[in-house]
Protein chains: 2
Amino acid sequence: MNPTLKSIHDRKSARVFLDLPVSAGYKEQLFQAAFAAPSAGCQQLYTILDITDPERKAKLAELCDHQPFIVTAPVVLVFLADCARWPQVYREAGCQPRSAGAGDLLLAVADACIAAQNVVIAAESLGLASCYIGDILENKEQVCQELELPEGVVPAAMLVIGWPARSQQQRRKPARFAKKYLVAENAYPKRTPQEHRAALEERAARDGNETFDFDAWVQAFEKRKYDSDFSREMSRSAAEYLKDFLK
Amino acid sequence: MNPTLKSIHDRKSARVFLDLPVSAGYKEQLFQAAFAAPSAGCQQLYTILDITDPERKAKLAELCDHQPFIVTAPVVLVFLADCARWPQVYREAGCQPRSAGAGDLLLAVADACIAAQNVVIAAESLGLASCYIGDILENKEQVCQELELPEGVVPAAMLVIGWPARSQQQRRKPARFAKKYLVAENAYPKRTPQEHRAALEERAARDGNETFDFDAWVQAFEKRKYDSDFSREMSRSAAEYLKDFLK
């Protein structure tokens, strides 16, 4: 396995960081990795917010489903899908651009996430650990106020980055599903109930869970991840963001 | 620069491939890189379609804004944001899951793009070249029919991958914007008209464009990328995808 593949495979999320800063030089390497990412028409349809103000970190930690560890991360980056910047450029050149639509938004979300993942891999290669915070999609009204987001700008991803505590380095990377459950040839697969059961059972076995009970595990997971307050709030908030692109 | 950062910085899009297959072993490494990506709650909210049927490639090449080079790519992967799979699992365990909402979709789009970018970096490290095809967002009705996509499943990204022709290896990677135009501290920046002009002029200069005319260049770019048939179609089609998540 070459060093790049090793970075990709070694990388796992970390939520406990050492009380050590990330130097300006390291941060610069992370940003440059983001910019090197592929981008639709080289438009770089994102703006990255570097959250350095401790009070703002604390506010975001609350708005992102009350996760205090976010405050302890030396680097907090919000990757914004930016459908506002290019229309400003167009107007400056005398064009009368149309309103940003759903396609512009999804393209910008892709650009932002692709750039964020370059940062994740770059961080890993430098010995830094990272964690995505999907909850940045929640609480649209307060997040927009806190980060001063104008219409056309949507948080696509948030990353916290720092030097991993030993506990995080020793944590096992959770097992992924088998390829046959995730990849299909030429068309979307019709999966049978048996395939779902087998996929989750097989993954649990590889994770060392010898007493996995499909029904009990899935019921608890659904309550925590899907039929939960944060998940409903995420969809409410995301729908509010989308409205601006569907006028 | 370590080898991983080098892969990140060396990588550029390629649209001309050698007439050589990508072996099953290499493809396996690409898939395993995708699966190693971070994912919300380790749910892997994506399904990857491996398009091997030449007729289907040709159909997709047409549906993606008539780009015949797609047919010549030995590997064509569609990364689907999959909000259908987990609800099937939930139902199998006796849950009655809510309909997928806008938050579920954006989270799945992020998961899919993050996995796709791992494939891009892995490919580069193996000597393979890649190109994202944003146009997969267009023509929802025909794409869904062609790929047999059920409700709740949305193409988030498409990648073509192969061995790069010499012309592609020799092509210069296009210059990116300066950091100060892409990154802001703590809040979304109010950019002035002068900043927009300066950012585009500075990028053009680094790209070796000595006679860059801001107004003329931006007007032509807006016509091609924003006020164009493919771009309007992308937003129409994407809005149709979103509707299912906003009921």
# chains A, B, ... in the order shown; residues from 1 in each chain; ligands from 1
call {"tool": "select_by_dssp", "arguments": {"residues": "segment 56-238 of chain A", "states": "strand (DSSP E)", "output": "ChimeraX atom specification"}}
result
/A:75-82,129-132,153-162,183-185
call {"tool": "residues_around", "arguments": {"residues": "Glu55 of chain B", "least_positions_apart": "2", "cutoff": "12 Å", "atoms": "only C-alpha atoms", "output": "count of residues only"}}
result
14
call {"tool": "atom_distance", "arguments": {"atom1": "atom CA of Gln88 of chain B", "atom2": "atom CA of Ala238 of chain B"}}
result
23.9 Å
call {"tool": "residues_around", "arguments": {"residues": "segment 28-30 of chain B", "least_positions_apart": "4", "cutoff": "9 Å", "atoms": "only C-alpha atoms", "output": "tab-separated table (two decimals) with all heavy atoms, in the first residue's frame"}}
result
chain	number	residue	atom	x	y	z
A	5	LEU	N	-2.47	5.86	-0.01
A	5	LEU	CA	-3.53	4.91	0.36
A	5	LEU	C	-3.49	4.64	1.87
A	5	LEU	O	-4.53	4.47	2.50
A	5	LEU	CB	-3.36	3.59	-0.42
A	5	LEU	CG	-3.60	3.70	-1.93
A	5	LEU	CD1	-3.33	2.35	-2.61
A	5	LEU	CD2	-5.04	4.14	-2.23
B	23	SER	N	-7.36	-2.62	-14.25
B	23	SER	CA	-7.53	-4.00	-13.80
B	23	SER	C	-8.47	-4.08	-12.61
B	23	SER	O	-8.69	-3.10	-11.89
B	23	SER	CB	-6.16	-4.57	-13.39
B	23	SER	OG	-5.75	-3.98	-12.18
B	24	ALA	N	-9.00	-5.29	-12.40
B	24	ALA	CA	-9.90	-5.52	-11.26
B	24	ALA	C	-9.20	-5.18	-9.95
B	24	ALA	O	-9.81	-4.64	-9.02
B	24	ALA	CB	-10.37	-6.98	-11.25
B	34	ALA	N	-12.82	4.41	-1.22
B	34	ALA	CA	-14.13	5.05	-1.01
B	34	ALA	C	-14.70	4.64	0.34
B	34	ALA	O	-15.15	5.48	1.13
B	34	ALA	CB	-15.10	4.67	-2.13
B	35	PHE	N	-14.67	3.34	0.61
B	35	PHE	CA	-15.29	2.84	1.84
B	35	PHE	C	-14.56	3.34	3.10
B	35	PHE	O	-15.16	3.44	4.17
B	35	PHE	CB	-15.32	1.30	1.87
B	35	PHE	CG	-15.92	0.67	0.65
B	35	PHE	CD1	-15.55	-0.62	0.25
B	35	PHE	CD2	-16.85	1.35	-0.12
B	35	PHE	CE1	-16.10	-1.22	-0.88
B	35	PHE	CE2	-17.41	0.75	-1.26
B	35	PHE	CZ	-17.02	-0.53	-1.64
B	118	ASN	N	-12.06	10.52	-1.94
B	118	ASN	CA	-11.07	9.51	-1.58
B	118	ASN	C	-10.65	8.69	-2.80
B	118	ASN	O	-9.48	8.34	-2.97
B	118	ASN	CB	-11.63	8.57	-0.50
B	118	ASN	CG	-11.17	8.96	0.90
B	118	ASN	OD1	-10.68	10.07	1.11
B	118	ASN	ND2	-11.33	8.05	1.85
B	119	VAL	N	-11.61	8.39	-3.65
B	119	VAL	CA	-11.29	7.63	-4.88
B	119	VAL	C	-10.38	8.45	-5.78
B	119	VAL	O	-9.42	7.93	-6.37
B	119	VAL	CB	-12.59	7.23	-5.62
B	119	VAL	CG1	-12.29	6.63	-6.98
B	119	VAL	CG2	-13.41	6.27	-4.76
B	120	VAL	N	-10.66	9.74	-5.88
B	120	VAL	CA	-9.84	10.62	-6.74
B	120	VAL	C	-8.39	10.63	-6.27
B	120	VAL	O	-7.46	10.52	-7.07
B	120	VAL	CB	-10.44	12.05	-6.74
B	120	VAL	CG1	-9.44	13.07	-7.27
B	120	VAL	CG2	-11.72	12.08	-7.56
B	122	ALA	N	-6.91	8.41	-4.26
B	122	ALA	CA	-6.35	7.06	-4.40
B	122	ALA	C	-5.94	6.82	-5.84
B	122	ALA	O	-4.85	6.28	-6.11
B	122	ALA	CB	-7.38	6.02	-3.95
B	123	ALA	N	-6.78	7.20	-6.77
B	123	ALA	CA	-6.48	7.01	-8.20
B	123	ALA	C	-5.18	7.72	-8.56
B	123	ALA	O	-4.29	7.14	-9.20
B	123	ALA	CB	-7.64	7.52	-9.07
call {"tool": "closest_residue", "arguments": {"among": "B:Gln32, B:Arg203, B:Leu182, B:Tyr188", "to": "Pro150 of chain A", "atoms": "only C-alpha atoms"}}
result
B:Tyr188
call {"tool": "closest_residue", "arguments": {"among": "B:Thr47, B:Ser125, B:Thr211, B:Gln168", "to": "Ser7 of chain B", "atoms": "only C-alpha atoms"}}
result
B:Ser125
call {"tool": "atom_distance", "arguments": {"atom1": "atom CA of Gln145 of chain A", "atom2": "atom CA of Arg85 of chain A"}}
result
18.4 Å
call {"tool": "residues_around", "arguments": {"residues": "Pro74 of chain A", "least_positions_apart": "5", "cutoff": "10 Å", "atoms": "only C-alpha atoms", "output": "ChimeraX atom specification"}}
result
/A:17-23,51-52,54,57,160-163
call {"tool": "closest_residue", "arguments": {"among": "B:Met158, B:Val183, B:Cys144, B:Ala100", "to": "chain A", "atoms": "only C-alpha atoms"}}
result
B:Val183
call {"tool": "closest_residue", "arguments": {"among": "B:Ala178, B:Ala116, B:Ala220, B:Gly134", "to": "Ala36 of chain B", "atoms": "only C-alpha atoms"}}
result
B:Ala116
call {"tool": "residues_around", "arguments": {"residues": "Asp65 of chain B", "least_positions_apart": "4", "cutoff": "8 Å", "atoms": "only C-alpha atoms", "output": "ChimeraX atom specification"}}
result
/B:61,135,138,230
call {"tool": "write_last_selection", "arguments": {"atoms": "all heavy atoms", "output": "PDB file, in the first residue's frame"}}
result
ATOM      1  N   ALA B  61     -23.254   9.547 -21.345  1.00  0.00           N
ATOM      2  CA  ALA B  61     -22.468  10.583 -22.021  1.00  0.00           C
ATOM      3  C   ALA B  61     -23.395  11.594 -22.686  1.00  0.00           C
ATOM      4  O   ALA B  61     -23.151  12.808 -22.652  1.00  0.00           O
ATOM      5  CB  ALA B  61     -21.536   9.957 -23.054  1.00  0.00           C
ATOM      6  N   ASP B 135     -22.467  17.190 -14.543  1.00  0.00           N
ATOM      7  CA  ASP B 135     -23.698  17.130 -15.358  1.00  0.00           C
ATOM      8  C   ASP B 135     -24.598  15.949 -15.034  1.00  0.00           C
ATOM      9  O   ASP B 135     -25.719  15.890 -15.543  1.00  0.00           O
ATOM     10  CB  ASP B 135     -23.328  17.089 -16.852  1.00  0.00           C
ATOM     11  CG  ASP B 135     -22.460  18.258 -17.257  1.00  0.00           C
ATOM     12  OD1 ASP B 135     -23.015  19.318 -17.556  1.00  0.00           O
ATOM     13  OD2 ASP B 135     -21.225  18.115 -17.251  1.00  0.00           O
ATOM     14  N   GLU B 138     -28.174  16.601 -14.262  1.00  0.00           N
ATOM     15  CA  GLU B 138     -29.168  17.013 -15.263  1.00  0.00           C
ATOM     16  C   GLU B 138     -30.078  15.839 -15.647  1.00  0.00           C
ATOM     17  O   GLU B 138     -29.770  14.692 -15.363  1.00  0.00           O
ATOM     18  CB  GLU B 138     -28.427  17.550 -16.517  1.00  0.00           C
ATOM     19  CG  GLU B 138     -27.617  18.807 -16.208  1.00  0.00           C
ATOM     20  CD  GLU B 138     -26.471  19.035 -17.183  1.00  0.00           C
ATOM     21  OE1 GLU B 138     -26.564  18.655 -18.364  1.00  0.00           O
ATOM     22  OE2 GLU B 138     -25.444  19.596 -16.738  1.00  0.00           O
ATOM     23  N   PHE B 230     -27.168  24.070 -20.193  1.00  0.00           N
ATOM     24  CA  PHE B 230     -26.871  22.962 -19.268  1.00  0.00           C
ATOM     25  C   PHE B 230     -27.075  23.405 -17.827  1.00  0.00           C
ATOM     26  O   PHE B 230     -27.557  22.642 -16.983  1.00  0.00           O
ATOM     27  CB  PHE B 230     -25.450  22.410 -19.493  1.00  0.00           C
ATOM     28  CG  PHE B 230     -24.392  23.060 -18.657  1.00  0.00           C
ATOM     29  CD1 PHE B 230     -24.159  22.648 -17.350  1.00  0.00           C
ATOM     30  CD2 PHE B 230     -23.626  24.108 -19.153  1.00  0.00           C
ATOM     31  CE1 PHE B 230     -23.180  23.255 -16.568  1.00  0.00           C
ATOM     32  CE2 PHE B 230     -22.661  24.720 -18.378  1.00  0.00           C
ATOM     33  CZ  PHE B 230     -22.425  24.291 -17.079  1.00  0.00           C
TER      34      PHE B 230
END
call {"tool": "closest_residue", "arguments": {"among": "B:Val89, B:Leu159, B:Cys42, B:Leu126", "to": "Glu195 of chain A", "atoms": "only C-alpha atoms"}}
result
B:Val89
call {"tool": "decode", "arguments": {"residues": "segment 67-186 of chain A", "atoms": "C-alpha atoms", "output": "PDB file, in the first residue's frame"}}
result
ATOM      1  CA  GLN A  67     -21.076  18.838  21.491  1.00  0.00           C
ATOM      2  CA  PRO A  68     -18.644  20.547  23.884  1.00  0.00           C
ATOM      3  CA  PHE A  69     -15.586  18.801  22.400  1.00  0.00           C
ATOM      4  CA  ILE A  70     -15.862  21.193  19.440  1.00  0.00           C
ATOM      5  CA  VAL A  71     -14.641  24.014  21.709  1.00  0.00           C
ATOM      6  CA  THR A  72     -11.471  22.068  22.507  1.00  0.00           C
ATOM      7  CA  ALA A  73     -10.461  21.632  18.851  1.00  0.00           C
ATOM      8  CA  PRO A  74      -7.576  23.934  17.884  1.00  0.00           C
ATOM      9  CA  VAL A  75      -8.895  24.219  14.320  1.00  0.00           C
ATOM     10  CA  VAL A  76     -12.574  24.561  13.400  1.00  0.00           C
ATOM     11  CA  LEU A  77     -13.402  25.041   9.728  1.00  0.00           C
ATOM     12  CA  VAL A  78     -16.830  25.564   8.187  1.00  0.00           C
ATOM     13  CA  PHE A  79     -17.019  24.769   4.475  1.00  0.00           C
ATOM     14  CA  LEU A  80     -19.739  26.896   2.949  1.00  0.00           C
ATOM     15  CA  ALA A  81     -21.355  26.068  -0.374  1.00  0.00           C
ATOM     16  CA  ASP A  82     -21.120  29.554  -1.855  1.00  0.00           C
ATOM     17  CA  CYS A  83     -23.678  30.445  -4.507  1.00  0.00           C
ATOM     18  CA  ALA A  84     -23.343  34.158  -3.731  1.00  0.00           C
ATOM     19  CA  ARG A  85     -19.760  34.939  -4.743  1.00  0.00           C
ATOM     20  CA  TRP A  86     -19.860  34.306  -8.509  1.00  0.00           C
ATOM     21  CA  PRO A  87     -23.125  36.208  -9.029  1.00  0.00           C
ATOM     22  CA  GLN A  88     -21.386  39.170  -7.350  1.00  0.00           C
ATOM     23  CA  VAL A  89     -18.531  38.777  -9.858  1.00  0.00           C
ATOM     24  CA  TYR A  90     -21.040  38.553 -12.716  1.00  0.00           C
ATOM     25  CA  ARG A  91     -22.793  41.735 -11.630  1.00  0.00           C
ATOM     26  CA  GLU A  92     -19.452  43.540 -11.300  1.00  0.00           C
ATOM     27  CA  ALA A  93     -18.817  42.684 -14.970  1.00  0.00           C
ATOM     28  CA  GLY A  94     -22.200  44.083 -15.986  1.00  0.00           C
ATOM     29  CA  CYS A  95     -24.097  40.766 -16.281  1.00  0.00           C
ATOM     30  CA  GLN A  96     -27.573  40.256 -14.867  1.00  0.00           C
ATOM     31  CA  PRO A  97     -27.244  36.729 -13.450  1.00  0.00           C
ATOM     32  CA  ARG A  98     -30.292  34.591 -12.735  1.00  0.00           C
ATOM     33  CA  SER A  99     -31.050  33.571  -9.144  1.00  0.00           C
ATOM     34  CA  ALA A 100     -29.052  30.603  -7.883  1.00  0.00           C
ATOM     35  CA  GLY A 101     -31.019  27.393  -8.322  1.00  0.00           C
ATOM     36  CA  ALA A 102     -31.026  23.893  -6.866  1.00  0.00           C
ATOM     37  CA  GLY A 103     -28.395  22.713  -9.351  1.00  0.00           C
ATOM     38  CA  ASP A 104     -26.043  25.521  -8.399  1.00  0.00           C
ATOM     39  CA  LEU A 105     -26.482  24.623  -4.757  1.00  0.00           C
ATOM     40  CA  LEU A 106     -25.814  20.881  -5.168  1.00  0.00           C
ATOM     41  CA  LEU A 107     -22.781  21.610  -7.347  1.00  0.00           C
ATOM     42  CA  ALA A 108     -21.438  23.975  -4.679  1.00  0.00           C
ATOM     43  CA  VAL A 109     -22.129  21.465  -1.893  1.00  0.00           C
ATOM     44  CA  ALA A 110     -20.107  18.909  -3.864  1.00  0.00           C
ATOM     45  CA  ASP A 111     -17.257  21.398  -4.395  1.00  0.00           C
ATOM     46  CA  ALA A 112     -17.200  22.216  -0.688  1.00  0.00           C
ATOM     47  CA  CYS A 113     -17.222  18.584   0.471  1.00  0.00           C
ATOM     48  CA  ILE A 114     -14.570  17.575  -2.049  1.00  0.00           C
ATOM     49  CA  ALA A 115     -12.310  20.366  -0.767  1.00  0.00           C
ATOM     50  CA  ALA A 116     -13.039  19.379   2.848  1.00  0.00           C
ATOM     51  CA  GLN A 117     -12.050  15.781   2.220  1.00  0.00           C
ATOM     52  CA  ASN A 118      -8.716  16.922   0.777  1.00  0.00           C
ATOM     53  CA  VAL A 119      -8.144  18.681   4.102  1.00  0.00           C
ATOM     54  CA  VAL A 120      -9.005  15.490   6.004  1.00  0.00           C
ATOM     55  CA  ILE A 121      -6.486  13.417   4.047  1.00  0.00           C
ATOM     56  CA  ALA A 122      -3.839  16.130   4.206  1.00  0.00           C
ATOM     57  CA  ALA A 123      -4.334  16.398   7.986  1.00  0.00           C
ATOM     58  CA  GLU A 124      -3.929  12.635   8.410  1.00  0.00           C
ATOM     59  CA  SER A 125      -0.688  12.696   6.434  1.00  0.00           C
ATOM     60  CA  LEU A 126       0.620  15.402   8.793  1.00  0.00           C
ATOM     61  CA  GLY A 127      -0.320  13.453  11.927  1.00  0.00           C
ATOM     62  CA  LEU A 128      -3.374  15.595  12.623  1.00  0.00           C
ATOM     63  CA  ALA A 129      -6.795  14.099  13.349  1.00  0.00           C
ATOM     64  CA  SER A 130     -10.171  15.408  12.252  1.00  0.00           C
ATOM     65  CA  CYS A 131     -13.891  14.937  12.651  1.00  0.00           C
ATOM     66  CA  TYR A 132     -16.791  16.031  10.459  1.00  0.00           C
ATOM     67  CA  ILE A 133     -19.668  17.725  12.270  1.00  0.00           C
ATOM     68  CA  GLY A 134     -22.788  17.072  10.199  1.00  0.00           C
ATOM     69  CA  ASP A 135     -24.870  18.972  12.754  1.00  0.00           C
ATOM     70  CA  ILE A 136     -23.771  22.277  11.219  1.00  0.00           C
ATOM     71  CA  LEU A 137     -26.850  21.820   8.993  1.00  0.00           C
ATOM     72  CA  GLU A 138     -29.102  22.348  12.027  1.00  0.00           C
ATOM     73  CA  ASN A 139     -30.465  25.619  13.405  1.00  0.00           C
ATOM     74  CA  LYS A 140     -30.298  27.553  10.161  1.00  0.00           C
ATOM     75  CA  GLU A 141     -31.550  30.833  11.587  1.00  0.00           C
ATOM     76  CA  GLN A 142     -29.005  30.998  14.433  1.00  0.00           C
ATOM     77  CA  VAL A 143     -26.101  29.612  12.354  1.00  0.00           C
ATOM     78  CA  CYS A 144     -26.749  32.218   9.640  1.00  0.00           C
ATOM     79  CA  GLN A 145     -26.825  34.953  12.237  1.00  0.00           C
ATOM     80  CA  GLU A 146     -23.715  33.720  14.029  1.00  0.00           C
ATOM     81  CA  LEU A 147     -21.661  33.275  10.842  1.00  0.00           C
ATOM     82  CA  GLU A 148     -23.265  36.238   9.024  1.00  0.00           C
ATOM     83  CA  LEU A 149     -24.295  34.072   6.078  1.00  0.00           C
ATOM     84  CA  PRO A 150     -26.110  35.864   3.267  1.00  0.00           C
ATOM     85  CA  GLU A 151     -28.742  34.232   1.053  1.00  0.00           C
ATOM     86  CA  GLY A 152     -27.177  31.723  -1.327  1.00  0.00           C
ATOM     87  CA  VAL A 153     -24.610  30.451   1.175  1.00  0.00           C
ATOM     88  CA  VAL A 154     -25.146  27.105   2.956  1.00  0.00           C
ATOM     89  CA  PRO A 155     -22.878  25.207   5.364  1.00  0.00           C
ATOM     90  CA  ALA A 156     -21.965  21.996   3.519  1.00  0.00           C
ATOM     91  CA  ALA A 157     -19.496  20.537   6.001  1.00  0.00           C
ATOM     92  CA  MET A 158     -17.716  21.402   9.216  1.00  0.00           C
ATOM     93  CA  LEU A 159     -14.375  19.982  10.322  1.00  0.00           C
ATOM     94  CA  VAL A 160     -12.628  20.047  13.683  1.00  0.00           C
ATOM     95  CA  ILE A 161      -8.911  19.296  13.564  1.00  0.00           C
ATOM     96  CA  GLY A 162      -6.163  18.847  16.116  1.00  0.00           C
ATOM     97  CA  TRP A 163      -3.479  16.584  17.512  1.00  0.00           C
ATOM     98  CA  PRO A 164      -5.190  13.352  18.547  1.00  0.00           C
ATOM     99  CA  ALA A 165      -5.153  12.173  22.157  1.00  0.00           C
ATOM    100  CA  ARG A 166      -3.700   8.694  22.641  1.00  0.00           C
ATOM    101  CA  SER A 167      -7.198   7.306  23.305  1.00  0.00           C
ATOM    102  CA  GLN A 168      -8.185   8.374  19.806  1.00  0.00           C
ATOM    103  CA  GLN A 169      -5.093   6.914  18.189  1.00  0.00           C
ATOM    104  CA  GLN A 170      -5.781   3.577  19.852  1.00  0.00           C
ATOM    105  CA  ARG A 171      -9.470   3.487  18.973  1.00  0.00           C
ATOM    106  CA  ARG A 172     -10.292   0.920  16.301  1.00  0.00           C
ATOM    107  CA  LYS A 173     -11.623   2.256  13.027  1.00  0.00           C
ATOM    108  CA  PRO A 174     -15.221   0.991  12.751  1.00  0.00           C
ATOM    109  CA  ALA A 175     -15.827  -1.703  10.129  1.00  0.00           C
ATOM    110  CA  ARG A 176     -17.409  -0.691   6.849  1.00  0.00           C
ATOM    111  CA  PHE A 177     -20.062  -2.589   4.911  1.00  0.00           C
ATOM    112  CA  ALA A 178     -18.960  -5.177   2.384  1.00  0.00           C
ATOM    113  CA  LYS A 179     -18.499  -4.053  -1.191  1.00  0.00           C
ATOM    114  CA  LYS A 180     -21.423  -6.081  -2.522  1.00  0.00           C
ATOM    115  CA  TYR A 181     -23.783  -4.056  -0.286  1.00  0.00           C
ATOM    116  CA  LEU A 182     -22.407  -0.679  -1.461  1.00  0.00           C
ATOM    117  CA  VAL A 183     -21.575  -1.176  -5.130  1.00  0.00           C
ATOM    118  CA  ALA A 184     -23.822  -2.349  -7.960  1.00  0.00           C
ATOM    119  CA  GLU A 185     -23.194  -2.761 -11.651  1.00  0.00           C
ATOM    120  CA  ASN A 186     -24.996  -0.478 -14.097  1.00  0.00           C
TER     121      ASN A 186
END
